[in-house]
Amino acid sequence: MTDTLSTTRQASIERTQRIRSGLRRRHMGEAIFRGLGLAAIVLALGFVALLFVDVVRKGVPAFTQSNLHLVVNFDPELLKVDPAPAPTAFASQAEYNAASLKWQRDVAMLNWNKVVEASLRAAAPAGFDIDSKQILTIAETDARHDIRELFVADPSLLGQTVDVDVLASANAANWIKGNIDRSLGDAQQQLSAPARALIDTFVENGTISNGFAWSIFTNVDSRAAPASAGLLGAFVGTLWMMLIVIVLAVPIGVAAAVYLEEFAPKSRWTDLIEVNINNLAAVPSIVFGLLGAAVFINYMHLPISAPIVGGLVLTLMTLPTIIIATRGALLGVSPALRQAALGMGASRTQMVFHHVLPVTFPSILTATILGIAHALGETAPLLLIGMKAFVASVPLTPIDQATALPVQIYLWQGNENRNFFEPRTAAAILVLLAVMIVLNGVAIYLRSRLEKRA
Amino acid sequence: MNALIVAGLLLVLLGVAYQSGWSRSRGLVTADGVKIHSRPQYHGSFVAIWAMVPTLVILGLWAWFGGGITRDYTVSLIPTDIMTSLDQVGLNAAIARIGALASGYGVTGDSPAWEQAAGDALRSFQMLTFVGVLVLALVAGGAALVYARSRIDARLRARNAVERVINLALLACSAVAILTTLGIVASLISEAFRFFTFIHPFDFFFGTVWNPNNAGSAGNWGSYGLLPLLSGTLMITAIAMLVAVPVGLMAAIYLSQYAAPRLRAVAKPMIEILAGIPTIVFGFFALVTVGPFLRDMGNLVGLTINATSALTAGIVMGIMIIPFVSSLSDDILNQVPRTLRDGAYGLGATQSETIRNVLLPAALPGIVGAFLLAVSRAIGETMIVVLAAGNAPVLRGSPFESVATITVSIVNQLTGDTDFTGPQSLVGFALGLTLFVITLGLNVVALYIVRRFREQYE
């Protein structure tokens with residue numbers, strides 16, 4: 001009797017001990033699991049932070065540019081050219097244009113480098129020993145175009161002296177900003193020793209000064225003159241495409257969603273459409289690029305590299321997103337609203353357009369902005385329809401050659417002048433991210449405002 | 001200029017038609033209280049639709065055929081003796097010169113008398129046809145307007161007619177989504193089949209060498225073996241999943257089960273920021289930061305890691321997919337009924353035991369679906385791989401070497417300015433078809449699983 005009692009007690013003590021030790025182990029496991037979860041969050045947020053810090057750190061220096069203040073003398077000795085033709089002397093517009101073009105060609109054939117060189121020498125200390133080739137590496141190669149265009153716009157400048165601001169060359173900017181190691185020997189430097197010394201003199205005497213790089217926003221892309229490569233052309237190209245996406249994707253997407261959610265009879269056919277749209281949303285973006293290349297360019301013969309094709313491709317890509325979001329919003333509208341409208345004698349169409357759709361407006365707007373932000377950052381399909389061509393002009397119409405912001409980033413990261421273009425690429429990324437953050441911010445703001453009112 | 005005139009006139013017609021229908025409808029209302037079927041704005045829209053359709057049809061026909069007709073007329077203006085001396089290029093130049101004369105811009109150089117005469121004739125022809133078509137369109141629109149207006153009476157079911165038109169327009173819009181799919185399938189299949197007339201499908205799908213001869217001609221096209229690209233794609237996808245699934249899943253578990261509401265409110269949108277960043281940005285990040293970092297780390301431990309390698313691209317792609325995995329898993333975990341969890345707590349399980357033994361098994365189908373969707377995204381991802389994987393289409397097993405993927409090769413083979421006549425560019429469509437079939441299969445299975453999972457707990 002006492003024996004069995006003691007064994008039971010013994011067993012119960014053992015059990016308690018086993019449970020105690022097991023509990024400790026289990027609580028440890030709990031803490032480890034929890035720690036892993038926290039670590040995952042920290043890791044994910046750390047990646048966000050790392051990415052932003054990295055891009056900002058690389059990109060911010062590129063928003064400074066080195067300006068070269070020159071006093072340019074349009075010396076008639078250097079510029080021997082006939083006076084510009086006057087429009088009144090010709091029979092037709094075509095004749096005048098031809099003569100004017102010929103004159104501009106003559107002007108372009110003049111040696112403008114001599115003018116640039118003379119201005120640089122005028123700014124240098126007297127008797128500074130440097131040869132023509134070396135001194136010209138200080139100014140960006142398009143400085144002569146800038147000065148020539150001043151002359152073409154106003155031929156009466158001949159013989160006069162004008163203050164002109166041009167950009168210092170990319171290599172000079174690298175030297176000034178310290179992007180290149182100053183202690184490297186002559187062989188590894190991109191600029192010759194006299195040119196480097198003259199640049200330092202120019203920085204000291206104020207001929208070269210650093211300023212905010214407006215050229216990033218006001219210039220088009222340039223290969224020959226990297227320091228003046230800007231984003232304006234890409235920005236306008238993106239703007240055209242986004243305009244096309246907004247004009248086409250939003251009405252078509254909303255209308256399709258309204259039809260599928262409100263009017264379509266529930267059948268296998270609509271099931272198929274639904275599966276189809278869900279799959280379309282998950283199709284890799286590059287496949288839409290293939291569609292664009294085959295249908296829009298090869299079959300319909302729309303122009304290559306044009307924003308109209310890019311816009312159409314991005315429209316097709318964005319449509320499923322907008323349709324799915326709008327359907328979700330329509331599903332969320334309370335049945336009471338519908339029944340009330342129908343009960344008052346509204347037709348189905350009236351019910352949808354007068355009562356249901358206005359309520360979903362905030363959600364549709366948000367989804368639209370997010371879809372457009374997504375289309376804005378898309379690169380791969382645009383590469384396939386030729387938008388990675390080098391375009392050095394602002395596209396004035398949607399059928400002009402153009403490129404887009406993300407494609408410009410792709411093109412710049414591939415540039416050989418890495419010292420100069422890596423910061424510039426990061427700067428372009430900052431511009432792209434800024435546009436996206438603004439769009440997302442607007443979406444959040446509008447949603448909170450409109451939802452409060454509704 | 002002309003387009004502005006046309007647009008302006010169309011707007012005027014639209015306004016007039018709507019207004020006349022509306023006012024006529026208002027005129028029906030009399031003191032004796034006749035019941036009118038439709039409200040005035042439906043009568044207005046009814047007349048407007050009637051007026052616009054014939055006008056737009058005529059203008060559309062002219063836009064389609066007008067250019068050809070004008071060209072034929074211009075050709076007929078060129079005297080026959082000159083016509084015989086012109087080749088195709090000369091003919092186009094002559095047509096352009098006549099067009100320039102007609103527009104008043106003028107031409108350079110001497111202009112023979114027949115050219116001047118042709119320019120004048122073309123100018124009057126253009127004027128005449130423009131005005132003629134416009135008048136015809138407006139007359140047709142006006143006639144339709146008058147007819148539609150005359151039909152308005154109290155019993156006309158204008159609302160139903162207008163709603164039918166709206167319905168048709170909505171249907172047309174939803175057909176765009178179907179047409180897109182059809183367009184993708186048709187273009188991929190037809191161009192891929194053209195590719196297979198150059199290269200045998202067997203050599204494509206089971207070839208182990210990828211070496212397209214981009215300047216090649218018949219008999220010397222180069223090799224188009226898919227396997228090196230497929231292995232590169234799968235390797236990068238596997239690395240990406242090894243990064244994204246543990247981090248994404250644990251983050252979702254922590255956020256949905258452990259995190260205080262305030263932490264959740266901050267951390268969830270922060271992680272979702274990652275989802276909104278364009279992939280080209282990730283590619284740049286991989287190329288200039290992650291790649292060199294991995295190479296230096298490799299040097300420290302004595303490994304040779306290429307700066308552009310499967311590892312670089314895979315890790316960064318994994319980072320890109322984290323928010324995708326975490327938000328899908330978060331949704332799925334939230335759909336598991338509370339009762340399952342409460343039951344486990346009631347039996348004395350700790351929170352992590354509940355999650356591991358109850359929550360995750362219950363959510364497993366959904367998480368598998370999310371996993372498959374993430375794999376499909378990784379396979380179709382382009383820009384990160386283009387920038388950071390090194391583009392070396394060679395069959396090898398090391399993740400520290402450069403690789404190439406299906407998407408990279410599509411970008412390399414198709415640049416937009418090709419005419420799709422040789423296998424060099426057509427292979428892009430065969431690769432695209434492969435990619436489409438793989439991702440479509442994954443998506444269909446994944447969406448099916450997720451849907452079944454949702455229904456299970458509804």
# chains A, B, ... in the order shown; residues from 1 in each chain; ligands from 1
$ residues_around --residues "stretch 331-342 of chain A" --least-positions-apart "5" --cutoff "10 Å" --atoms "only C-alpha atoms" --output "list in words"
Glu261, Glu262, Ala325, Thr326, Ser347, Arg348, Gln350, Met351, Val352, His354, His355, Val356, Leu357, Val359 and Thr360 of chain A
$ write_last_selection --atoms "N, CA and C atoms" --output "JSON list (two decimals), in the first residue's frame"
[["chain", "number", "residue", "atom", "x", "y", "z"],
["A", 261, "GLU", "N", -18.19, 42.81, -63.66],
["A", 261, "GLU", "CA", -18.72, 42.69, -62.30],
["A", 261, "GLU", "C", -20.22, 42.92, -62.27],
["A", 262, "GLU", "N", -20.72, 43.81, -63.14],
["A", 262, "GLU", "CA", -22.11, 44.25, -62.99],
["A", 262, "GLU", "C", -23.05, 43.72, -64.07],
["A", 325, "ALA", "N", -8.30, 45.70, -59.56],
["A", 325, "ALA", "CA", -8.54, 46.62, -58.45],
["A", 325, "ALA", "C", -9.96, 47.18, -58.49],
["A", 326, "THR", "N", -10.43, 47.54, -59.71],
["A", 326, "THR", "CA", -11.77, 48.10, -59.81],
["A", 326, "THR", "C", -12.82, 47.06, -59.45],
["A", 347, "SER", "N", -32.67, 51.98, -63.43],
["A", 347, "SER", "CA", -32.29, 50.81, -64.23],
["A", 347, "SER", "C", -30.92, 50.34, -63.76],
["A", 348, "ARG", "N", -30.52, 49.16, -64.24],
["A", 348, "ARG", "CA", -29.24, 48.61, -63.82],
["A", 348, "ARG", "C", -28.09, 49.56, -64.16],
["A", 350, "GLN", "N", -28.27, 52.79, -64.64],
["A", 350, "GLN", "CA", -28.33, 53.99, -63.79],
["A", 350, "GLN", "C", -27.78, 53.68, -62.40],
["A", 351, "MET", "N", -28.16, 52.50, -61.90],
["A", 351, "MET", "CA", -27.68, 52.10, -60.57],
["A", 351, "MET", "C", -26.15, 52.11, -60.54],
["A", 352, "VAL", "N", -25.54, 51.49, -61.57],
["A", 352, "VAL", "CA", -24.09, 51.37, -61.59],
["A", 352, "VAL", "C", -23.44, 52.74, -61.74],
["A", 354, "HIS", "N", -24.70, 55.90, -61.54],
["A", 354, "HIS", "CA", -25.07, 57.02, -60.68],
["A", 354, "HIS", "C", -24.76, 56.76, -59.21],
["A", 355, "HIS", "N", -24.73, 55.48, -58.81],
["A", 355, "HIS", "CA", -24.62, 55.22, -57.37],
["A", 355, "HIS", "C", -23.40, 54.39, -56.98],
["A", 356, "VAL", "N", -23.17, 53.29, -57.71],
["A", 356, "VAL", "CA", -22.11, 52.38, -57.29],
["A", 356, "VAL", "C", -20.73, 52.94, -57.64],
["A", 357, "LEU", "N", -20.57, 53.37, -58.89],
["A", 357, "LEU", "CA", -19.26, 53.82, -59.35],
["A", 357, "LEU", "C", -18.73, 55.02, -58.56],
["A", 359, "VAL", "N", -19.11, 55.76, -55.52],
["A", 359, "VAL", "CA", -18.63, 55.35, -54.20],
["A", 359, "VAL", "C", -17.24, 54.73, -54.30],
["A", 360, "THR", "N", -16.98, 54.03, -55.41],
["A", 360, "THR", "CA", -15.70, 53.34, -55.53],
["A", 360, "THR", "C", -14.60, 54.26, -56.03]]
$ interface_residues --of "chain A" --to "chain B" --cutoff "6 Å" --atoms "only C-alpha atoms" --output "list in words"
Glu30, Gly37, Ala40, Ile41, Ser92, Gln93, Ala94, Glu95, Ile252, Ala255, Ala256, Tyr259, Pro284, Leu291, Gly377, Leu384, Ile385 and Gly386 of chain A
$ write_last_selection --atoms "N, CA and C atoms" --output "JSON list (two decimals), in the first residue's frame"
[["chain", "number", "residue", "atom", "x", "y", "z"],
["A", 30, "GLU", "N", 10.52, 28.99, -28.23],
["A", 30, "GLU", "CA", 9.63, 30.12, -28.46],
["A", 30, "GLU", "C", 10.45, 31.40, -28.69],
["A", 37, "GLY", "N", 11.84, 35.72, -36.31],
["A", 37, "GLY", "CA", 10.85, 36.59, -36.96],
["A", 37, "GLY", "C", 11.31, 38.03, -36.95],
["A", 40, "ALA", "N", 14.04, 38.60, -39.33],
["A", 40, "ALA", "CA", 13.57, 38.72, -40.72],
["A", 40, "ALA", "C", 13.09, 40.12, -41.01],
["A", 41, "ILE", "N", 12.32, 40.71, -40.06],
["A", 41, "ILE", "CA", 11.84, 42.08, -40.25],
["A", 41, "ILE", "C", 13.01, 43.05, -40.35],
["A", 92, "SER", "N", 10.26, 81.48, -102.42],
["A", 92, "SER", "CA", 9.37, 80.61, -101.65],
["A", 92, "SER", "C", 10.03, 80.24, -100.33],
["A", 93, "GLN", "N", 9.22, 79.75, -99.43],
["A", 93, "GLN", "CA", 9.71, 79.32, -98.13],
["A", 93, "GLN", "C", 10.80, 78.26, -98.29],
["A", 94, "ALA", "N", 10.58, 77.36, -99.25],
["A", 94, "ALA", "CA", 11.53, 76.27, -99.45],
["A", 94, "ALA", "C", 12.90, 76.81, -99.83],
["A", 95, "GLU", "N", 12.94, 77.82, -100.74],
["A", 95, "GLU", "CA", 14.21, 78.40, -101.16],
["A", 95, "GLU", "C", 14.93, 79.04, -99.98],
["A", 252, "ILE", "N", -10.70, 52.14, -70.26],
["A", 252, "ILE", "CA", -10.94, 50.77, -70.71],
["A", 252, "ILE", "C", -10.96, 49.82, -69.52],
["A", 255, "ALA", "N", -14.14, 50.35, -67.48],
["A", 255, "ALA", "CA", -15.31, 49.87, -68.22],
["A", 255, "ALA", "C", -15.33, 48.34, -68.23],
["A", 256, "ALA", "N", -14.17, 47.72, -68.44],
["A", 256, "ALA", "CA", -14.13, 46.26, -68.47],
["A", 256, "ALA", "C", -14.53, 45.69, -67.11],
["A", 259, "TYR", "N", -18.24, 46.00, -66.63],
["A", 259, "TYR", "CA", -18.99, 45.00, -67.40],
["A", 259, "TYR", "C", -18.91, 43.64, -66.72],
["A", 284, "PRO", "N", 5.04, 37.77, -67.28],
["A", 284, "PRO", "CA", 6.24, 38.62, -67.18],
["A", 284, "PRO", "C", 6.16, 39.80, -68.14],
["A", 291, "LEU", "N", 5.02, 41.10, -77.50],
["A", 291, "LEU", "CA", 3.75, 41.39, -78.17],
["A", 291, "LEU", "C", 3.85, 42.71, -78.93],
["A", 377, "GLY", "N", 8.03, 52.65, -63.92],
["A", 377, "GLY", "CA", 9.34, 52.09, -63.65],
["A", 377, "GLY", "C", 9.69, 50.91, -64.53],
["A", 384, "LEU", "N", 12.57, 46.04, -75.93],
["A", 384, "LEU", "CA", 12.27, 45.21, -77.09],
["A", 384, "LEU", "C", 11.64, 45.99, -78.24],
["A", 385, "ILE", "N", 11.06, 47.17, -77.93],
["A", 385, "ILE", "CA", 10.46, 47.93, -79.01],
["A", 385, "ILE", "C", 11.37, 49.08, -79.41],
["A", 386, "GLY", "N", 12.67, 48.92, -79.14],
["A", 386, "GLY", "CA", 13.65, 49.85, -79.69],
["A", 386, "GLY", "C", 13.80, 51.14, -78.93]]
$ residues_around --residues "A:Ala122" --least-positions-apart "5" --cutoff "10 Å" --atoms "only C-alpha atoms" --output "PyMOL selection string"
chain A and resi 70-73+116-117
$ closest_residue --among "B:Pro201, B:Gly99, B:Gly21, B:Gly366" --to "B:Ser150" --atoms "only C-alpha atoms"
B:Gly21
$ atom_distance --atom1 "atom CA of B:Asp342" --atom2 "atom CA of B:Leu359"
10.7 Å
$ residues_around --residues "A:Pro125" --least-positions-apart "4" --cutoff "10 Å" --atoms "only C-alpha atoms" --output "ChimeraX atom specification"
/A:120-121,129,198,201-202,205
$ write_last_selection --atoms "N, CA and C atoms" --output "PDB file, in the first residue's frame"
ATOM      1  N   LEU A 120      39.457  80.426 -73.330  1.00  0.00           N
ATOM      2  CA  LEU A 120      40.113  79.761 -72.204  1.00  0.00           C
ATOM      3  C   LEU A 120      41.472  80.389 -71.916  1.00  0.00           C
ATOM      4  N   ARG A 121      42.189  80.693 -72.995  1.00  0.00           N
ATOM      5  CA  ARG A 121      43.516  81.302 -72.800  1.00  0.00           C
ATOM      6  C   ARG A 121      43.388  82.690 -72.185  1.00  0.00           C
ATOM      7  N   ASP A 129      51.738  77.740 -69.769  1.00  0.00           N
ATOM      8  CA  ASP A 129      52.237  76.872 -70.842  1.00  0.00           C
ATOM      9  C   ASP A 129      51.343  75.643 -70.997  1.00  0.00           C
ATOM     10  N   LEU A 198      45.817  73.898 -64.618  1.00  0.00           N
ATOM     11  CA  LEU A 198      45.005  75.045 -65.034  1.00  0.00           C
ATOM     12  C   LEU A 198      43.608  74.966 -64.407  1.00  0.00           C
ATOM     13  N   THR A 201      43.830  76.229 -61.016  1.00  0.00           N
ATOM     14  CA  THR A 201      43.919  77.692 -61.054  1.00  0.00           C
ATOM     15  C   THR A 201      42.540  78.305 -61.296  1.00  0.00           C
ATOM     16  N   PHE A 202      41.812  77.716 -62.261  1.00  0.00           N
ATOM     17  CA  PHE A 202      40.477  78.235 -62.583  1.00  0.00           C
ATOM     18  C   PHE A 202      39.556  78.170 -61.376  1.00  0.00           C
ATOM     19  N   ASN A 205      40.602  81.043 -59.088  1.00  0.00           N
ATOM     20  CA  ASN A 205      40.272  82.414 -59.483  1.00  0.00           C
ATOM     21  C   ASN A 205      38.811  82.596 -59.889  1.00  0.00           C
TER      22      ASN A 205
END
$ select_by_dssp --residues "stretch 163-390 of chain A" --states "strand (DSSP E)" --output "PyMOL selection string"
chain A and resi 163-167+208-212
$ residues_around --residues "A:Val247" --least-positions-apart "3" --cutoff "12 Å" --atoms "only C-alpha atoms" --output "number ranges by chain"
A: 240-244, 250-254, 308, 311-312, 314-315, 319, 368, 372
$ write_last_selection --atoms "C-alpha atoms" --output "CSV table (one decimal), in the first residue's frame"
chain,number,residue,atom,x,y,z
A,240,TRP,CA,4.0,60.9,-73.3
A,241,MET,CA,3.8,57.3,-72.4
A,242,MET,CA,2.1,57.9,-69.1
A,243,LEU,CA,-0.4,60.2,-70.9
A,244,ILE,CA,-1.3,57.4,-73.3
A,250,VAL,CA,-8.1,53.9,-67.1
A,251,PRO,CA,-11.3,54.2,-69.1
A,252,ILE,CA,-10.9,50.8,-70.7
A,253,GLY,CA,-9.9,49.1,-67.5
A,254,VAL,CA,-12.8,50.6,-65.5
A,308,ILE,CA,3.0,55.7,-78.8
A,311,GLY,CA,2.4,53.7,-74.2
A,312,LEU,CA,0.3,51.0,-75.9
A,314,LEU,CA,2.4,49.7,-71.0
A,315,THR,CA,-1.4,50.2,-71.3
A,319,LEU,CA,-5.0,47.0,-67.7
A,368,THR,CA,-4.9,53.7,-61.1
A,372,ILE,CA,0.8,54.1,-63.4
